[in-house]
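Structure file structure28.txt (compact mmCIF, N, CA and C atoms) follows.
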```
# COMPACT_ATOMS: atom_id res chain seq x y z
N MET J 1 87.08 89.25 84.41
CA MET J 1 85.92 88.44 84.66
C MET J 1 86.26 87.43 85.73
N GLU J 2 85.36 87.26 86.63
CA GLU J 2 85.64 86.42 87.78
C GLU J 2 85.05 85.02 87.66
N ALA J 3 83.83 84.92 87.15
CA ALA J 3 83.17 83.62 87.11
C ALA J 3 82.13 83.61 86.00
N THR J 4 81.69 82.42 85.66
CA THR J 4 80.58 82.26 84.73
C THR J 4 79.48 81.51 85.43
N VAL J 5 78.27 82.03 85.36
CA VAL J 5 77.10 81.39 85.94
C VAL J 5 76.29 80.82 84.80
N THR J 6 75.88 79.57 84.91
CA THR J 6 75.05 78.96 83.87
C THR J 6 73.74 78.50 84.48
N GLY J 7 72.74 78.41 83.66
CA GLY J 7 71.42 77.97 84.12
C GLY J 7 70.48 77.95 82.93
N THR J 8 69.19 78.09 83.22
CA THR J 8 68.20 78.14 82.15
C THR J 8 67.35 79.39 82.32
N SER J 9 66.92 79.91 81.20
CA SER J 9 66.06 81.09 81.20
C SER J 9 64.62 80.64 81.47
N PRO J 10 63.72 81.59 81.69
CA PRO J 10 62.31 81.22 81.87
C PRO J 10 61.74 80.46 80.67
N ARG J 11 62.37 80.61 79.50
CA ARG J 11 61.91 79.89 78.31
C ARG J 11 62.63 78.55 78.14
N ASN J 12 63.35 78.13 79.16
CA ASN J 12 64.07 76.85 79.17
C ASN J 12 65.23 76.79 78.20
N SER J 13 65.75 77.92 77.77
CA SER J 13 66.93 77.91 76.91
C SER J 13 68.17 78.12 77.78
N PRO J 14 69.33 77.62 77.32
CA PRO J 14 70.56 77.78 78.11
C PRO J 14 70.88 79.26 78.33
N LEU J 15 71.41 79.56 79.49
CA LEU J 15 71.74 80.94 79.84
C LEU J 15 73.14 80.96 80.44
N ARG J 16 73.98 81.88 79.94
CA ARG J 16 75.36 82.00 80.42
C ARG J 16 75.61 83.46 80.78
N ILE J 17 76.01 83.70 82.01
CA ILE J 17 76.25 85.07 82.48
C ILE J 17 77.65 85.16 83.05
N GLN J 18 78.43 86.12 82.53
CA GLN J 18 79.75 86.40 83.08
C GLN J 18 79.58 87.35 84.27
N VAL J 19 80.33 87.12 85.33
CA VAL J 19 80.29 87.99 86.51
C VAL J 19 81.56 88.84 86.51
N ALA J 20 81.39 90.16 86.52
CA ALA J 20 82.51 91.10 86.59
C ALA J 20 82.47 91.75 87.96
N ALA J 21 83.30 91.26 88.87
CA ALA J 21 83.26 91.75 90.25
C ALA J 21 84.52 92.51 90.65
N ASP J 22 85.47 92.67 89.73
CA ASP J 22 86.66 93.46 90.07
C ASP J 22 86.70 94.71 89.19
N PHE J 23 87.57 95.65 89.52
CA PHE J 23 87.62 96.93 88.82
C PHE J 23 87.83 96.76 87.32
N PHE J 24 88.79 95.96 86.93
CA PHE J 24 89.11 95.82 85.51
C PHE J 24 88.03 95.07 84.74
N GLY J 25 87.40 94.10 85.37
CA GLY J 25 86.29 93.39 84.72
C GLY J 25 85.12 94.32 84.45
N ARG J 26 84.79 95.17 85.43
CA ARG J 26 83.72 96.14 85.25
C ARG J 26 84.11 97.22 84.24
N LEU J 27 85.38 97.64 84.27
CA LEU J 27 85.85 98.67 83.33
C LEU J 27 85.74 98.19 81.89
N GLN J 28 86.18 96.97 81.62
CA GLN J 28 86.11 96.43 80.26
C GLN J 28 84.67 96.12 79.88
N GLY J 29 83.93 95.52 80.78
CA GLY J 29 82.53 95.21 80.50
C GLY J 29 82.36 94.52 79.17
N LEU J 30 81.52 95.06 78.31
CA LEU J 30 81.26 94.48 76.99
C LEU J 30 81.91 95.27 75.87
N MET J 31 82.77 96.24 76.22
CA MET J 31 83.41 97.06 75.19
C MET J 31 84.23 96.19 74.24
N PHE J 32 84.16 96.51 72.98
CA PHE J 32 84.94 95.87 71.91
C PHE J 32 84.62 94.39 71.72
N ARG J 33 83.50 93.94 72.22
CA ARG J 33 83.12 92.54 72.04
C ARG J 33 82.05 92.41 70.97
N LYS J 34 81.89 91.21 70.46
CA LYS J 34 80.82 90.93 69.51
C LYS J 34 79.57 90.56 70.28
N LYS J 35 78.44 90.71 69.64
CA LYS J 35 77.17 90.48 70.31
C LYS J 35 77.05 89.06 70.88
N ASP J 36 77.57 88.08 70.18
CA ASP J 36 77.38 86.70 70.62
C ASP J 36 78.45 86.20 71.59
N ASP J 37 79.38 87.05 72.03
CA ASP J 37 80.40 86.59 72.96
C ASP J 37 79.82 86.17 74.31
N PHE J 38 78.84 86.92 74.79
CA PHE J 38 78.23 86.62 76.08
C PHE J 38 76.73 86.78 75.97
N GLU J 39 76.02 86.01 76.75
CA GLU J 39 74.57 86.20 76.81
C GLU J 39 74.22 87.22 77.86
N GLY J 40 75.09 87.43 78.83
CA GLY J 40 74.82 88.41 79.87
C GLY J 40 76.08 88.75 80.64
N LEU J 41 76.08 89.90 81.29
CA LEU J 41 77.20 90.33 82.11
C LEU J 41 76.64 90.91 83.39
N LEU J 42 77.02 90.36 84.52
CA LEU J 42 76.60 90.86 85.82
C LEU J 42 77.72 91.73 86.37
N LEU J 43 77.45 93.03 86.52
CA LEU J 43 78.42 93.97 87.08
C LEU J 43 78.13 94.09 88.57
N LYS J 44 79.11 93.74 89.38
CA LYS J 44 78.86 93.67 90.82
C LYS J 44 80.02 94.29 91.57
N PRO J 45 79.87 95.40 92.26
CA PRO J 45 78.69 96.26 92.37
C PRO J 45 78.60 97.18 91.17
N CYS J 46 77.44 97.82 91.00
CA CYS J 46 77.24 98.71 89.86
C CYS J 46 76.12 99.70 90.17
N ASN J 47 76.39 100.99 89.95
CA ASN J 47 75.32 101.97 90.13
C ASN J 47 75.05 102.76 88.86
N SER J 48 75.81 102.49 87.79
CA SER J 48 75.55 103.12 86.51
C SER J 48 76.15 102.28 85.39
N VAL J 49 75.66 102.50 84.17
CA VAL J 49 76.11 101.72 83.01
C VAL J 49 76.34 102.69 81.87
N HIS J 50 77.44 102.52 81.13
CA HIS J 50 77.67 103.31 79.93
C HIS J 50 77.74 102.37 78.73
N THR J 51 77.60 102.93 77.55
CA THR J 51 77.67 102.11 76.34
C THR J 51 78.71 102.65 75.36
N CYS J 52 79.77 103.25 75.89
CA CYS J 52 80.86 103.73 75.04
C CYS J 52 81.55 102.54 74.37
N PHE J 53 81.87 102.69 73.12
CA PHE J 53 82.58 101.67 72.33
C PHE J 53 81.81 100.37 72.20
N MET J 54 80.51 100.43 72.38
CA MET J 54 79.66 99.24 72.21
C MET J 54 79.27 99.13 70.75
N ASN J 55 79.24 97.92 70.24
CA ASN J 55 78.88 97.67 68.84
C ASN J 55 77.46 97.15 68.68
N PHE J 56 76.71 97.06 69.76
CA PHE J 56 75.35 96.52 69.71
C PHE J 56 74.55 97.08 70.88
N PRO J 57 73.23 97.13 70.75
CA PRO J 57 72.39 97.62 71.85
C PRO J 57 72.32 96.59 72.98
N ILE J 58 72.06 97.06 74.19
CA ILE J 58 71.96 96.15 75.33
C ILE J 58 70.68 96.42 76.11
N ASP J 59 70.25 95.43 76.86
CA ASP J 59 69.17 95.59 77.83
C ASP J 59 69.84 95.65 79.20
N VAL J 60 69.39 96.55 80.06
CA VAL J 60 69.98 96.72 81.38
C VAL J 60 68.92 96.43 82.43
N TYR J 61 69.27 95.58 83.39
CA TYR J 61 68.39 95.25 84.51
C TYR J 61 69.13 95.56 85.79
N PHE J 62 68.48 96.24 86.73
CA PHE J 62 69.06 96.50 88.04
C PHE J 62 68.42 95.55 89.03
N LEU J 63 69.28 94.85 89.80
CA LEU J 63 68.82 93.85 90.76
C LEU J 63 69.04 94.34 92.18
N ASP J 64 68.19 93.88 93.12
CA ASP J 64 68.44 94.16 94.53
C ASP J 64 69.36 93.08 95.09
N ALA J 65 69.63 93.13 96.39
CA ALA J 65 70.56 92.19 97.02
C ALA J 65 70.11 90.73 96.91
N GLN J 66 68.81 90.49 96.74
CA GLN J 66 68.31 89.13 96.61
C GLN J 66 68.25 88.67 95.16
N GLY J 67 68.64 89.53 94.20
CA GLY J 67 68.62 89.16 92.80
C GLY J 67 67.30 89.41 92.10
N THR J 68 66.40 90.17 92.74
CA THR J 68 65.11 90.50 92.14
C THR J 68 65.27 91.74 91.28
N VAL J 69 64.68 91.74 90.09
CA VAL J 69 64.75 92.90 89.19
C VAL J 69 63.94 94.04 89.80
N VAL J 70 64.60 95.20 89.97
CA VAL J 70 63.91 96.37 90.52
C VAL J 70 63.72 97.49 89.50
N LYS J 71 64.49 97.47 88.42
CA LYS J 71 64.36 98.46 87.33
C LYS J 71 64.69 97.79 86.02
```

Go through the file and emit its structure as structure tokens.
Amino acid sequence: MEATVTGTSPRNSPLRIQVAADFFGRLQGLMFRKKDDFEGLLLKPCNSVHTCFMNFPIDVYFLDAQGTVVK
């Protein structure tokens, strides 16, 4: 993990996102973690997502270069 980004969600609640920008950060992702460890994980760059060894369901959002949700 490279950095943590903090801010507020559209509902004004605290938001914490871990940024995984290196090979090992992206490889580990959220595997073997508990649901409450992170509120979000930004995989950068990323063209696919797997859920192997995940203990909870996830929501996946794909962003363009400006950070706008495209999928």

Could the centre and edge lengths of an axis-aligned box, enclosing all atoms of region 49-55 of chain J in the file with 8 Å extra on each side, be given in Å to one decimal as JSON?
```
{"center_x": 79.1, "center_y": 100.4, "center_z": 76.4, "size_x": 22.9, "size_y": 22.6, "size_z": 31.5}
```

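Running DSSP on the backbone and keeping only strand (DSSP E), the residues of region 20-68 of chain J that qualify are J:Ala20, J:Gly40, J:Leu41, J:Leu42, J:Leu43.
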
Selection file, N, CA and C atoms, as a CSV table (one decimal), in the coordinates of the input:
```csv
chain,number,residue,atom,x,y,z
J,20,ALA,N,81.4,90.2,86.5
J,20,ALA,CA,82.5,91.1,86.6
J,20,ALA,C,82.5,91.8,88.0
J,40,GLY,N,75.1,87.4,78.8
J,40,GLY,CA,74.8,88.4,79.9
J,40,GLY,C,76.1,88.8,80.6
J,41,LEU,N,76.1,89.9,81.3
J,41,LEU,CA,77.2,90.3,82.1
J,41,LEU,C,76.6,90.9,83.4
J,42,LEU,N,77.0,90.4,84.5
J,42,LEU,CA,76.6,90.9,85.8
J,42,LEU,C,77.7,91.7,86.4
J,43,LEU,N,77.4,93.0,86.5
J,43,LEU,CA,78.4,94.0,87.1
J,43,LEU,C,78.1,94.1,88.6
```

Checklist outcome for this item: The residue from J:Arg26, J:Arg11, J:Lys34, J:Lys44 with the smallest atom-to-atom distance to Leu63 (chain J), counting only C-alpha atoms, is J:Lys44

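Atom N of Leu41 (chain J) is found 7.0 Å from CA of Val19 (chain J).
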
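Backbone DSSP assigns alpha helix (DSSP H) in chain J to Phe23, Phe24, Gly25, Arg26, Leu27 and Gln28 of chain J.
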
Checklist entry - Do you have the CA of Leu43 (chain J)-CA of Asn12 (chain J) distance handy? => result 23.7 Å

Checklist entry - Distance atom C of Asn55 (chain J)-atom N of Gln28 (chain J), one decimal place? => result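 Distance reported for this atom pair: 15.6 Å.
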